[in-house]
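File shown here: input.cif, holding mmCIF, C-alpha atoms and all ligand atoms.
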```cif
data_upload
loop_
_atom_site.label_atom_id
_atom_site.label_comp_id
_atom_site.auth_asym_id
_atom_site.auth_seq_id
_atom_site.Cartn_x
_atom_site.Cartn_y
_atom_site.Cartn_z
CA MET A 1 146.78 60.14 102.11
CA LYS A 2 149.72 62.27 101.15
CA ILE A 3 149.56 66.00 101.88
CA THR A 4 152.22 68.49 100.87
CA ILE A 5 152.04 71.78 102.74
CA ILE A 6 153.88 74.78 101.33
CA ASN A 7 154.71 77.55 103.80
CA GLY A 8 154.73 80.72 101.73
CA SER A 9 155.78 83.18 104.43
CA PRO A 10 159.28 84.51 103.76
CA LYS A 11 159.98 84.41 107.51
CA ALA A 12 162.14 81.42 108.42
CA ARG A 13 160.27 81.00 111.71
CA GLY A 14 157.68 82.63 113.90
CA SER A 15 155.25 83.45 111.11
CA ALA A 16 151.48 83.37 111.37
CA SER A 17 151.58 80.90 108.47
CA GLU A 18 153.74 78.54 110.51
CA LEU A 19 151.26 78.64 113.41
CA ILE A 20 148.36 78.02 111.03
CA ILE A 21 150.22 75.03 109.57
CA LYS A 22 150.86 73.57 113.04
CA ALA A 23 147.21 73.92 114.02
CA PHE A 24 146.06 72.49 110.68
CA GLN A 25 148.37 69.47 111.01
CA SER A 26 147.14 68.78 114.54
CA LYS A 27 143.61 68.54 113.19
CA LEU A 28 144.36 65.96 110.50
CA GLY A 29 143.69 62.31 111.27
CA PRO A 30 146.41 59.66 111.71
CA ASN A 31 146.16 58.62 108.05
CA ALA A 32 147.57 61.90 106.82
CA GLU A 33 151.19 61.79 105.79
CA CYS A 34 152.29 65.43 105.81
CA THR A 35 155.42 67.17 104.65
CA VAL A 36 155.95 70.90 105.09
CA CYS A 37 158.07 72.68 102.45
CA HIS A 38 159.28 76.23 102.98
CA ALA A 39 158.94 78.11 99.70
CA ALA A 40 161.60 80.70 100.57
CA LEU A 41 164.17 78.21 101.85
CA TRP A 42 163.67 75.24 99.51
CA ALA A 43 164.71 75.04 95.87
CA GLY A 44 161.73 74.77 93.51
CA PRO A 45 162.60 71.28 92.17
CA LYS A 46 162.85 69.95 95.74
CA VAL A 47 159.32 71.18 96.44
CA VAL A 48 158.10 69.43 93.30
CA GLU A 49 159.91 66.21 94.22
CA THR A 50 158.40 66.32 97.70
CA ALA A 51 154.93 66.87 96.27
CA THR A 52 155.15 63.87 93.91
CA MET A 53 151.88 61.91 93.94
CA SER A 54 150.35 64.08 96.64
CA ASP A 55 146.61 63.88 97.12
CA ALA A 56 146.54 67.45 98.36
CA ILE A 57 148.80 70.47 98.08
CA VAL A 58 148.07 73.07 100.76
CA LEU A 59 149.51 76.56 100.33
CA VAL A 60 149.67 78.66 103.50
CA PHE A 61 150.94 82.20 103.05
CA PRO A 62 150.54 85.90 103.94
CA LEU A 63 148.78 88.37 101.66
CA TYR A 64 151.32 90.73 100.06
CA VAL A 65 150.00 93.77 98.19
CA ASP A 66 146.62 92.09 97.66
CA SER A 67 148.29 89.07 96.15
CA ILE A 68 150.87 86.29 96.53
CA PRO A 69 154.37 87.05 97.94
CA SER A 70 156.83 87.26 95.04
CA HIS A 71 158.96 84.26 96.02
CA LEU A 72 155.92 81.99 96.21
CA LEU A 73 154.56 83.42 92.96
CA ARG A 74 157.91 82.62 91.36
CA LEU A 75 157.70 79.04 92.60
CA LEU A 76 154.24 78.66 91.06
CA ASP A 77 155.31 80.39 87.84
CA THR A 78 158.47 78.34 87.31
CA GLN A 79 157.38 74.97 88.77
CA GLY A 80 153.67 74.91 87.91
CA GLY A 81 154.08 72.53 84.96
CA ALA A 82 156.42 70.22 86.86
CA LEU A 83 154.18 70.26 89.91
CA SER A 84 151.13 69.32 87.92
CA ALA A 85 153.06 66.50 86.17
CA ALA A 86 154.39 65.20 89.51
CA ALA A 87 151.05 65.32 91.31
CA PRO A 88 148.39 65.21 88.58
CA GLY A 89 145.66 64.06 90.93
CA ALA A 90 146.33 66.59 93.65
CA LYS A 91 143.73 69.04 94.81
CA VAL A 92 145.04 72.46 95.71
CA TYR A 93 143.96 74.21 98.92
CA ALA A 94 145.09 77.50 100.40
CA VAL A 95 144.99 79.44 103.66
CA VAL A 96 145.89 83.11 103.22
CA ASN A 97 146.26 85.40 106.21
CA ASN A 98 146.44 89.20 106.00
CA GLY A 99 147.32 92.09 108.26
CA PHE A 100 144.11 94.05 107.78
CA TYR A 101 141.00 93.13 109.70
CA GLU A 102 138.85 91.76 106.91
CA GLY A 103 139.55 88.21 105.77
CA ARG A 104 137.67 88.98 102.58
CA GLN A 105 140.62 91.05 101.36
CA ASN A 106 142.28 87.70 100.55
CA ALA A 107 139.73 86.91 97.83
CA VAL A 108 141.85 88.13 94.89
CA ALA A 109 144.87 86.06 95.98
CA LEU A 110 142.65 82.97 96.07
CA GLU A 111 141.35 83.82 92.61
CA ILE A 112 144.93 84.06 91.33
CA LEU A 113 145.53 80.55 92.70
CA ARG A 114 142.44 79.25 90.94
CA ASN A 115 143.80 80.71 87.70
CA PHE A 116 147.11 78.96 88.43
CA CYS A 117 145.25 75.66 88.79
CA ALA A 118 143.32 76.26 85.57
CA ARG A 119 146.57 77.01 83.69
CA TYR A 120 148.23 73.79 84.80
CA GLY A 121 145.28 71.43 84.94
CA LEU A 122 145.31 71.07 88.71
CA THR A 123 142.08 70.74 90.65
CA TRP A 124 141.17 73.57 92.99
CA GLY A 125 139.85 72.43 96.37
CA GLN A 126 139.06 75.36 98.66
CA GLY A 127 140.43 78.60 100.03
CA LEU A 128 140.34 80.10 103.51
CA GLY A 129 140.99 83.83 103.97
CA VAL A 130 141.97 84.87 107.50
CA GLY A 131 141.88 88.53 108.52
CA ALA A 132 143.58 90.22 111.50
CA GLY A 133 146.70 88.09 110.99
CA GLY A 134 148.53 90.03 113.71
CA VAL A 135 146.41 88.25 116.31
CA ILE A 136 147.70 84.82 115.25
CA THR A 137 151.23 85.44 116.53
CA ALA A 138 150.00 87.31 119.62
CA VAL A 139 147.71 84.86 121.44
CA PRO A 140 147.33 81.06 121.67
CA MET A 141 145.32 79.34 118.95
CA ASP A 142 142.82 77.98 121.49
CA SER A 143 142.07 81.40 123.01
CA TRP A 144 138.90 83.41 122.45
CA PRO A 145 140.29 85.93 119.90
CA LEU A 146 141.28 83.09 117.54
CA ARG A 147 138.27 80.85 118.04
CA PRO A 148 136.92 81.54 114.52
CA LEU A 149 140.26 80.47 113.02
CA ASP A 150 140.48 77.37 115.18
CA LYS A 151 136.97 76.38 114.14
CA ALA A 152 137.55 77.19 110.44
CA LEU A 153 140.71 75.05 110.49
CA ASP A 154 138.66 72.12 111.87
CA ASP A 155 136.41 72.32 108.83
CA PHE A 156 139.31 73.01 106.49
CA ALA A 157 141.31 69.98 107.70
CA ASP A 158 138.17 67.91 107.30
CA ALA A 159 137.71 69.12 103.72
CA VAL A 160 141.35 68.43 102.81
CA ALA A 161 141.21 64.94 104.34
CA LYS A 162 138.06 64.15 102.37
CA GLY A 163 139.34 65.74 99.17
CA ALA A 164 136.23 67.92 99.23
CA ILE A 165 135.73 70.90 96.96
CA GLY A 166 134.12 73.97 98.48
CA GLU A 167 133.47 77.68 98.32
CA ASP A 168 136.05 80.04 99.77
CA VAL A 169 135.57 80.86 103.46
CA PHE A 170 136.51 84.22 104.98
CA ILE A 171 136.94 84.86 108.68
CA THR A 172 138.49 87.31 111.10
CA SER A 173 139.30 87.49 114.79
CA ASN A 174 136.74 87.71 117.59
CA LEU A 175 138.50 90.90 118.67
CA PRO A 176 136.50 93.96 117.65
CA ARG A 177 138.23 95.84 114.87
CA PHE A 178 138.99 98.93 116.96
CA VAL A 179 140.71 96.78 119.56
CA TYR A 180 142.76 95.11 116.84
CA GLN A 181 143.68 98.50 115.41
CA LEU A 182 144.62 99.99 118.80
CA SER A 183 146.81 97.04 119.74
CA ALA A 184 148.52 97.01 116.34
CA HIS A 185 149.28 100.73 116.65
CA SER A 186 150.64 100.35 120.16
CA GLU A 187 152.76 97.43 118.93
CA TRP A 188 154.23 99.59 116.09
CA ARG A 189 155.11 102.32 118.59
CA LYS A 190 156.72 99.83 120.94
CA LEU A 191 158.82 98.32 118.14
CA ALA A 192 159.81 101.78 116.88
CA LYS A 193 161.02 102.67 120.36
CA LYS A 194 162.98 99.45 120.52
CA HIS A 195 164.72 100.50 117.30
CA GLY A 196 165.46 103.94 118.75
CA LEU A 197 162.76 105.79 116.80
CA THR A 198 160.01 108.10 118.01
CA THR A 199 156.47 107.69 116.72
CA LYS A 200 156.92 110.91 114.79
CA GLN A 201 159.92 109.48 112.97
CA LEU A 202 157.76 106.67 111.62
CA TYR A 203 156.10 109.31 109.43
CA GLN A 204 159.33 110.59 107.89
CA ARG A 205 159.52 111.09 104.11
CA PRO A 206 162.92 110.07 102.82
CA ALA A 207 161.91 110.85 99.22
CA LYS A 208 160.49 114.35 99.80
CA MET B 1 145.93 112.70 77.40
CA GLY B 2 145.40 116.40 78.10
CA GLU B 3 147.61 119.37 77.56
CA GLY B 4 150.95 119.30 79.24
CA ALA B 5 151.12 115.52 79.00
CA GLN B 6 154.66 115.87 77.65
CA THR B 7 155.88 117.67 80.71
CA LYS B 8 154.42 115.20 83.19
CA SER B 9 157.21 113.10 84.57
CA THR B 10 156.91 109.39 84.10
CA LEU B 11 158.16 106.39 86.05
CA VAL B 12 158.13 102.99 84.35
CA LEU B 13 158.57 99.66 86.12
CA HIS B 14 158.87 96.78 83.65
CA ASP B 15 159.93 93.16 83.38
CA LEU B 16 161.25 93.10 79.81
CA PRO B 17 164.58 91.35 79.19
CA ALA B 18 167.47 93.84 78.94
CA LEU B 19 167.93 93.60 75.15
CA GLN B 20 164.25 94.08 74.46
CA ALA B 21 164.06 96.98 76.91
CA ALA B 22 167.04 98.69 75.28
CA ASP B 23 165.28 98.31 71.97
CA LEU B 24 161.83 99.46 73.00
CA LEU B 25 162.24 101.99 75.81
CA PRO B 26 163.72 105.47 75.70
CA GLY B 27 166.67 106.07 78.01
CA ASP B 28 166.37 107.77 81.41
CA SER B 29 165.87 111.51 81.33
CA ALA B 30 164.75 114.13 83.83
CA SER B 31 161.11 113.46 83.05
CA PHE B 32 161.28 109.74 82.22
CA ALA B 33 162.69 107.19 84.66
CA VAL B 34 162.86 103.49 83.93
CA PHE B 35 163.25 100.82 86.60
CA SER B 36 163.82 97.29 85.36
CA ALA B 37 162.48 94.44 87.47
CA LEU B 38 165.30 92.36 85.94
CA PRO B 39 167.64 91.05 87.12
CA ALA B 40 165.19 90.13 89.84
CA VAL B 41 165.56 91.95 93.14
CA HIS B 42 165.58 89.97 96.36
CA TYR B 43 162.13 89.09 97.65
CA CYS B 44 160.66 90.92 100.67
CA MET B 45 161.53 89.09 103.90
CA GLY B 46 158.49 90.38 105.79
CA CYS B 47 160.54 92.18 108.48
CA PHE B 48 158.64 95.54 108.42
CA GLY B 49 162.01 97.32 108.62
CA CYS B 50 160.66 99.78 105.99
CA TRP B 51 158.13 100.90 108.60
CA LEU B 52 159.95 100.51 111.90
CA ARG B 53 163.72 100.72 111.33
CA THR B 54 164.34 103.01 108.34
CA PRO B 55 160.82 104.41 107.73
CA GLY B 56 160.09 104.71 104.02
CA THR B 57 163.05 102.62 102.81
CA CYS B 58 163.53 98.85 102.64
CA VAL B 59 166.45 97.61 104.77
CA LEU B 60 167.69 94.99 102.29
CA LYS B 61 170.89 95.92 100.49
CA ASP B 62 170.14 95.70 96.80
CA ARG B 63 168.72 98.09 94.22
CA GLY B 64 165.19 96.91 95.09
CA SER B 65 165.37 99.37 98.00
CA GLU B 66 165.65 102.33 95.62
CA PHE B 67 162.26 102.00 94.03
CA ALA B 68 160.09 103.38 96.85
CA GLY B 69 162.09 106.62 96.74
CA LEU B 70 161.25 107.19 93.06
CA PHE B 71 157.56 107.03 93.66
CA SER B 72 156.55 110.43 94.91
CA ARG B 73 158.89 112.14 92.44
CA HIS B 74 156.77 111.34 89.37
CA GLU B 75 153.29 112.17 88.20
CA ASN B 76 152.63 109.05 86.16
CA PHE B 77 153.60 105.53 87.12
CA TYR B 78 153.42 102.79 84.49
CA VAL B 79 153.69 99.12 85.40
CA VAL B 80 154.52 96.98 82.39
CA SER B 81 154.11 93.38 83.49
CA ARG B 82 153.60 89.96 82.03
CA LEU B 83 150.17 88.83 83.18
CA VAL B 84 150.69 85.81 85.43
CA PHE B 85 147.57 83.93 86.58
CA GLY B 86 145.67 87.20 86.44
CA GLY B 87 148.26 89.12 88.45
CA LEU B 88 151.70 90.71 88.22
CA SER B 89 154.80 88.77 87.22
CA PRO B 90 157.08 87.56 90.04
CA ASP B 91 159.79 90.04 89.01
CA VAL B 92 157.50 93.09 89.13
CA LYS B 93 155.83 91.79 92.28
CA ALA B 94 159.20 91.51 94.02
CA VAL B 95 159.81 95.24 93.43
CA LEU B 96 156.35 96.23 94.69
CA ASP B 97 156.58 93.98 97.78
CA ARG B 98 159.83 95.80 98.59
CA SER B 99 158.12 99.19 98.26
CA ILE B 100 155.37 99.13 100.89
CA GLY B 101 157.36 101.82 102.72
CA ILE B 102 155.38 104.28 100.61
CA LEU B 103 152.60 103.42 103.08
CA LEU B 104 152.59 104.03 106.83
CA PRO B 105 152.29 101.22 109.35
CA PHE B 106 149.27 102.93 110.89
CA PHE B 107 145.83 101.87 109.79
CA ARG B 108 143.05 104.00 108.38
CA THR B 109 139.54 103.13 107.24
CA THR B 110 138.57 103.58 103.62
CA HIS B 111 135.91 101.87 101.51
CA LYS B 112 134.65 100.45 104.83
CA GLU B 113 137.83 98.40 105.09
CA MET B 114 141.06 98.61 107.04
CA HIS B 115 144.04 99.90 105.07
CA HIS B 116 147.35 101.64 105.72
CA GLY B 117 147.89 105.37 105.91
CA LEU B 118 149.78 107.05 103.08
CA ARG B 119 153.33 108.30 103.63
CA TYR B 120 153.30 110.81 100.77
CA ASP B 121 150.71 113.41 99.79
CA LYS B 122 152.10 113.51 96.29
CA ARG B 123 151.38 110.26 94.53
CA PRO B 124 151.56 109.38 90.85
CA ASP B 125 148.64 108.20 88.78
CA PHE B 126 148.87 104.45 88.21
CA HIS B 127 148.70 102.74 84.83
CA TYR B 128 148.87 98.97 84.60
CA LEU B 129 149.90 97.64 81.19
CA PHE B 130 149.64 93.86 81.27
CA TYR B 131 150.92 91.82 78.35
CA GLY B 132 150.83 88.17 77.29
CA ASP B 133 148.12 85.68 76.50
CA ALA B 134 145.22 85.91 78.90
CA THR B 135 142.01 84.05 79.56
CA GLU B 136 138.85 86.02 80.22
CA GLN B 137 139.01 84.93 83.82
CA GLU B 138 142.60 86.14 84.18
CA VAL B 139 141.64 89.55 82.82
CA ALA B 140 138.76 89.72 85.28
CA THR B 141 141.09 88.78 88.16
CA ALA B 142 143.64 91.41 87.12
CA ARG B 143 140.95 94.10 87.16
CA LYS B 144 139.99 93.09 90.70
CA LEU B 145 143.63 93.08 91.76
CA VAL B 146 144.16 96.58 90.40
CA ARG B 147 141.00 97.82 92.11
CA ALA B 148 142.28 96.43 95.42
CA ASN B 149 145.77 97.91 94.87
CA MET B 150 144.25 101.29 94.09
CA ILE B 151 142.36 101.33 97.38
CA ASN B 152 145.70 100.72 99.13
CA PHE B 153 147.82 103.22 97.18
CA GLU B 154 145.05 105.74 96.53
CA PRO B 155 146.22 107.62 93.43
CA GLU B 156 143.95 110.26 91.99
CA ASN B 157 143.59 108.36 88.69
CA TYR B 158 144.41 104.92 87.42
CA SER B 159 143.98 102.74 84.37
CA VAL B 160 144.45 99.10 83.42
CA ASP B 161 144.97 97.73 79.91
CA PHE B 162 145.85 94.42 78.32
CA TYR B 163 148.12 93.79 75.34
CA GLY B 164 149.10 90.72 73.38
CA SER B 165 152.81 91.44 73.39
CA PRO B 166 155.35 93.51 75.34
CA GLN B 167 155.92 95.59 72.19
CA GLU B 168 152.28 96.62 72.14
CA ALA B 169 152.30 97.39 75.88
CA VAL B 170 155.39 99.57 75.60
CA GLY B 171 153.85 101.25 72.56
CA ALA B 172 151.19 102.65 74.90
CA LEU B 173 153.75 104.55 77.01
CA PRO B 174 153.78 108.34 76.62
C1 LIG C 301 155.29 93.39 101.59
C2 LIG C 301 154.05 93.19 102.40
C3 LIG C 301 152.81 93.42 101.83
C4 LIG C 301 151.64 93.24 102.55
N1 LIG C 301 150.45 93.48 101.94
C5 LIG C 301 149.30 93.32 102.64
C6 LIG C 301 148.04 93.59 102.01
O1 LIG C 301 147.95 93.95 100.82
N2 LIG C 301 146.91 93.45 102.76
C7 LIG C 301 146.95 93.05 104.07
O2 LIG C 301 145.91 92.94 104.69
N3 LIG C 301 148.14 92.76 104.68
C8 LIG C 301 149.30 92.89 103.98
N4 LIG C 301 150.50 92.61 104.59
C9 LIG C 301 150.52 92.10 105.99
C10 LIG C 301 150.72 90.58 106.10
O3 LIG C 301 149.81 89.89 105.28
C11 LIG C 301 150.52 90.16 107.54
O4 LIG C 301 151.49 90.80 108.33
C12 LIG C 301 150.57 88.65 107.78
O5 LIG C 301 150.00 88.36 109.02
C13 LIG C 301 151.98 88.06 107.73
O6 LIG C 301 151.88 86.64 107.79
P1 LIG C 301 153.15 85.67 108.07
O7 LIG C 301 153.57 85.93 109.49
O8 LIG C 301 152.62 84.30 107.88
O9 LIG C 301 154.22 86.00 107.09
C14 LIG C 301 151.70 92.79 103.90
C15 LIG C 301 152.94 92.57 104.49
C16 LIG C 301 154.11 92.77 103.77
C17 LIG C 301 155.44 92.52 104.42
#
```
As a first step, turn the structure in this file into structure tokens.
Amino acid sequence: MKITIINGSPKARGSASELIIKAFQSKLGPNAECTVCHAALWAGPKVVETATMSDAIVLVFPLYVDSIPSHLLRLLDTQGGALSAAAPGAKVYAVVNNGFYEGRQNAVALEILRNFCARYGLTWGQGLGVGAGGVITAVPMDSWPLRPLDKALDDFADAVAKGAIGEDVFITSNLPRFVYQLSAHSEWRKLAKKHGLTTKQLYQRPAK
Amino acid sequence: MGEGAQTKSTLVLHDLPALQAADLLPGDSASFAVFSALPAVHYCMGCFGCWLRTPGTCVLKDRGSEFAGLFSRHENFYVVSRLVFGGLSPDVKAVLDRSIGILLPFFRTTHKEMHHGLRYDKRPDFHYLFYGDATEQEVATARKLVRANMINFEPENYSVDFYGSPQEAVGALP
């Protein structure tokens, strides 16, 4: 079966989306023929060409302002018709990860994708919303904090391989939310220091 | 709108083509600022520079970095956007993605969820004016999107309305 994966993180490398894609691919059986397109680095028509006659299109991206990052949204907006003509039988799946703790905050972005499918006559498969995205780049996928993601990706890969249609699934990290919050805050402070800023300067108001 | 509506300063972000905008929108004045989402600004690269390098301002070097600074200077913020799959248009979205510096990196809890702190105490009221053909489902999605956005940006008041055409949407501006 032919699977086209679209990485919708604007980061060229090192994104949580990239790690999710790697884990997802490792869970697919040997019959899966996968290509990963990078929405920010590839021209729209090349993504469409790559997706021709796909059985599944899997979008993996970060939540931006409760929705889809603008460059990925532009790809869907400008290439939706072409994509649906090139892969009319494809089912569309998505994994959205977000910075806040609750995976459920990805629900609106998944709904927007369902509306995209409805507009262009594509079949929606299933969505997975992953909270506490900061954990994904911090610890190995097979470690305890990410066990819910690892397990959800098992089921998700299974669904994609079968062409199954399912309800959206929302998960978060095994880390308690206060631990996630504390480590994120200490990470911000560390990065600020690296850039020569004090914690206080992070609160500055350039607009007044 | 109540008394004094005239004196409230207004910020408009829109995605109308230049000719149409020139035709339909008043020019910039002290109390009325217009920011066009066209030509499209560069998309956010996800670097968090607006939090950790130049707090409050995007580090990319195009006019998309100017928008966040306009925010706290106005009392009413109008988003005029083509409705796309029940959300904002890619052009308007690009400007908003570039403007998350109006929030702080640090988390807070509100509505029993994790969200970011707010950089500015003074924040405009939000008004979403969506235009274009829309299915019932898309309208329902847009309402959910706005509700979620409003938890993140926490203005005192907000509204969301739908119009058939950009002309009608712009006609609703003060
Ligand atoms: C412009 C921008 C907007 C964001 N908006 C949200 C948001 O609305 N809710 C949220 O939980 N996280 C938000 N985030 C955080 C990202 O979703 C989070 O950092 C994610 O893990 C990044 O994934 P990636 O590494 O695959 O790009 C935003 C990040 C950026 C840069």
Write out as a tab-separated table a residue-level contact list of chain A versus ligand LIG 301 (chain C) with cut-off 12 Å: for each qualifying residue the closest pair of atoms and the distance in Å to one decimal, counting only C-alpha atoms and all ligand atoms, rows sorted by chain and residue number upward.
```
residue	atom	partner	partner_atom	distance
A:Ile6	CA	C:LIG301	O8	11.6
A:Asn7	CA	C:LIG301	O8	8.2
A:Gly8	CA	C:LIG301	O8	7.4
A:Ser9	CA	C:LIG301	O9	4.2
A:Pro10	CA	C:LIG301	O9	6.2
A:Lys11	CA	C:LIG301	O9	6.0
A:Ala12	CA	C:LIG301	O9	9.2
A:Arg13	CA	C:LIG301	O7	8.6
A:Gly14	CA	C:LIG301	O7	6.9
A:Ser15	CA	C:LIG301	O7	3.4
A:Ala16	CA	C:LIG301	O8	3.8
A:Ser17	CA	C:LIG301	O8	3.6
A:Glu18	CA	C:LIG301	O8	6.4
A:Leu19	CA	C:LIG301	O8	8.0
A:Ile20	CA	C:LIG301	O8	8.2
A:Ile21	CA	C:LIG301	O8	9.7
A:His38	CA	C:LIG301	O8	11.6
A:Ala39	CA	C:LIG301	O9	11.8
A:Ala40	CA	C:LIG301	O9	11.2
A:Leu59	CA	C:LIG301	O8	11.3
A:Val60	CA	C:LIG301	O8	7.7
A:Phe61	CA	C:LIG301	O8	5.5
A:Pro62	CA	C:LIG301	O6	4.1
A:Leu63	CA	C:LIG301	O3	4.1
A:Tyr64	CA	C:LIG301	N1	3.4
A:Val65	CA	C:LIG301	O1	3.3
A:Asp66	CA	C:LIG301	O1	3.9
A:Ser67	CA	C:LIG301	O1	6.8
A:Ile68	CA	C:LIG301	N1	9.0
A:Pro69	CA	C:LIG301	C1	7.4
A:Ser70	CA	C:LIG301	C1	9.1
A:His71	CA	C:LIG301	C1	11.3
A:Leu72	CA	C:LIG301	O9	11.7
A:Val95	CA	C:LIG301	O8	10.0
A:Val96	CA	C:LIG301	O3	8.1
A:Asn97	CA	C:LIG301	O5	5.5
A:Asn98	CA	C:LIG301	O3	3.5
A:Gly99	CA	C:LIG301	N3	3.7
A:Phe100	CA	C:LIG301	O2	3.7
A:Tyr101	CA	C:LIG301	O2	7.0
A:Glu102	CA	C:LIG301	O2	7.5
A:Gly103	CA	C:LIG301	O2	8.0
A:Arg104	CA	C:LIG301	O2	9.4
A:Gln105	CA	C:LIG301	O2	6.5
A:Asn106	CA	C:LIG301	O2	7.6
A:Ala107	CA	C:LIG301	N2	10.9
A:Val108	CA	C:LIG301	O1	10.3
A:Ala109	CA	C:LIG301	O1	9.8
A:Gly129	CA	C:LIG301	O2	10.4
A:Val130	CA	C:LIG301	O5	8.9
A:Gly131	CA	C:LIG301	O2	7.1
A:Ala132	CA	C:LIG301	O5	7.1
A:Gly133	CA	C:LIG301	O5	3.9
A:Gly134	CA	C:LIG301	O5	5.2
A:Val135	CA	C:LIG301	O5	8.1
A:Ile136	CA	C:LIG301	O5	7.5
A:Thr137	CA	C:LIG301	O7	7.4
A:Ala138	CA	C:LIG301	O5	10.7
A:Thr172	CA	C:LIG301	O2	11.3
A:Ala184	CA	C:LIG301	O4	10.6
```
Based on the selection just made, write C-alpha atoms of those residues as a CSV table (one decimal), in the frame of the given file.
```csv
chain,number,residue,atom,x,y,z
A,6,ILE,CA,153.9,74.8,101.3
A,7,ASN,CA,154.7,77.6,103.8
A,8,GLY,CA,154.7,80.7,101.7
A,9,SER,CA,155.8,83.2,104.4
A,10,PRO,CA,159.3,84.5,103.8
A,11,LYS,CA,160.0,84.4,107.5
A,12,ALA,CA,162.1,81.4,108.4
A,13,ARG,CA,160.3,81.0,111.7
A,14,GLY,CA,157.7,82.6,113.9
A,15,SER,CA,155.2,83.4,111.1
A,16,ALA,CA,151.5,83.4,111.4
A,17,SER,CA,151.6,80.9,108.5
A,18,GLU,CA,153.7,78.5,110.5
A,19,LEU,CA,151.3,78.6,113.4
A,20,ILE,CA,148.4,78.0,111.0
A,21,ILE,CA,150.2,75.0,109.6
A,38,HIS,CA,159.3,76.2,103.0
A,39,ALA,CA,158.9,78.1,99.7
A,40,ALA,CA,161.6,80.7,100.6
A,59,LEU,CA,149.5,76.6,100.3
A,60,VAL,CA,149.7,78.7,103.5
A,61,PHE,CA,150.9,82.2,103.0
A,62,PRO,CA,150.5,85.9,103.9
A,63,LEU,CA,148.8,88.4,101.7
A,64,TYR,CA,151.3,90.7,100.1
A,65,VAL,CA,150.0,93.8,98.2
A,66,ASP,CA,146.6,92.1,97.7
A,67,SER,CA,148.3,89.1,96.2
A,68,ILE,CA,150.9,86.3,96.5
A,69,PRO,CA,154.4,87.0,97.9
A,70,SER,CA,156.8,87.3,95.0
A,71,HIS,CA,159.0,84.3,96.0
A,72,LEU,CA,155.9,82.0,96.2
A,95,VAL,CA,145.0,79.4,103.7
A,96,VAL,CA,145.9,83.1,103.2
A,97,ASN,CA,146.3,85.4,106.2
A,98,ASN,CA,146.4,89.2,106.0
A,99,GLY,CA,147.3,92.1,108.3
A,100,PHE,CA,144.1,94.0,107.8
A,101,TYR,CA,141.0,93.1,109.7
A,102,GLU,CA,138.8,91.8,106.9
A,103,GLY,CA,139.6,88.2,105.8
A,104,ARG,CA,137.7,89.0,102.6
A,105,GLN,CA,140.6,91.0,101.4
A,106,ASN,CA,142.3,87.7,100.6
A,107,ALA,CA,139.7,86.9,97.8
A,108,VAL,CA,141.8,88.1,94.9
A,109,ALA,CA,144.9,86.1,96.0
A,129,GLY,CA,141.0,83.8,104.0
A,130,VAL,CA,142.0,84.9,107.5
A,131,GLY,CA,141.9,88.5,108.5
A,132,ALA,CA,143.6,90.2,111.5
A,133,GLY,CA,146.7,88.1,111.0
A,134,GLY,CA,148.5,90.0,113.7
A,135,VAL,CA,146.4,88.2,116.3
A,136,ILE,CA,147.7,84.8,115.2
A,137,THR,CA,151.2,85.4,116.5
A,138,ALA,CA,150.0,87.3,119.6
A,172,THR,CA,138.5,87.3,111.1
A,184,ALA,CA,148.5,97.0,116.3
```
Open item on the list: Using all atoms listed in the file, I'd like every residue of chain B that has an atom within 8 Å of chain A; please write them out as a ChimeraX atom specification.
Closed with: /B:43-47,51-53,55-57,69-70,72-73,84-87,89-91,93-94,96-97,104-107,113-115,119-120,137-138,141,144-145,148-149
Open item on the list: Rounded to one decimal, what separation in Å do you get between CA of Leu13 in chain B and CA of Thr110 in chain B?
Closed with: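 CA of Thr110 in chain B lies at a distance of 26.9 Å from CA of Leu13 in chain B.
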Task: Straight-line distance linking CA of Thr109 in chain B with CA of Tyr180 in chain A, stated in Å to one decimal - done: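 Those two atoms sit 12.9 Å apart.
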Open item on the list: Please compute the CA of Pro26 in chain B-CA of Tyr131 in chain B distance, one decimal, in Å.
Closed with: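 It comes out at 18.9 Å.
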- [ ] Might you pull out every residue within 10 Å of Asn31 in chain A, with only C-alpha atoms counted and same-chain residues fewer than 4 positions away left off, and present them as a list of chain:residue names?
- [x] A:Met1, A:Lys2, A:Ala161
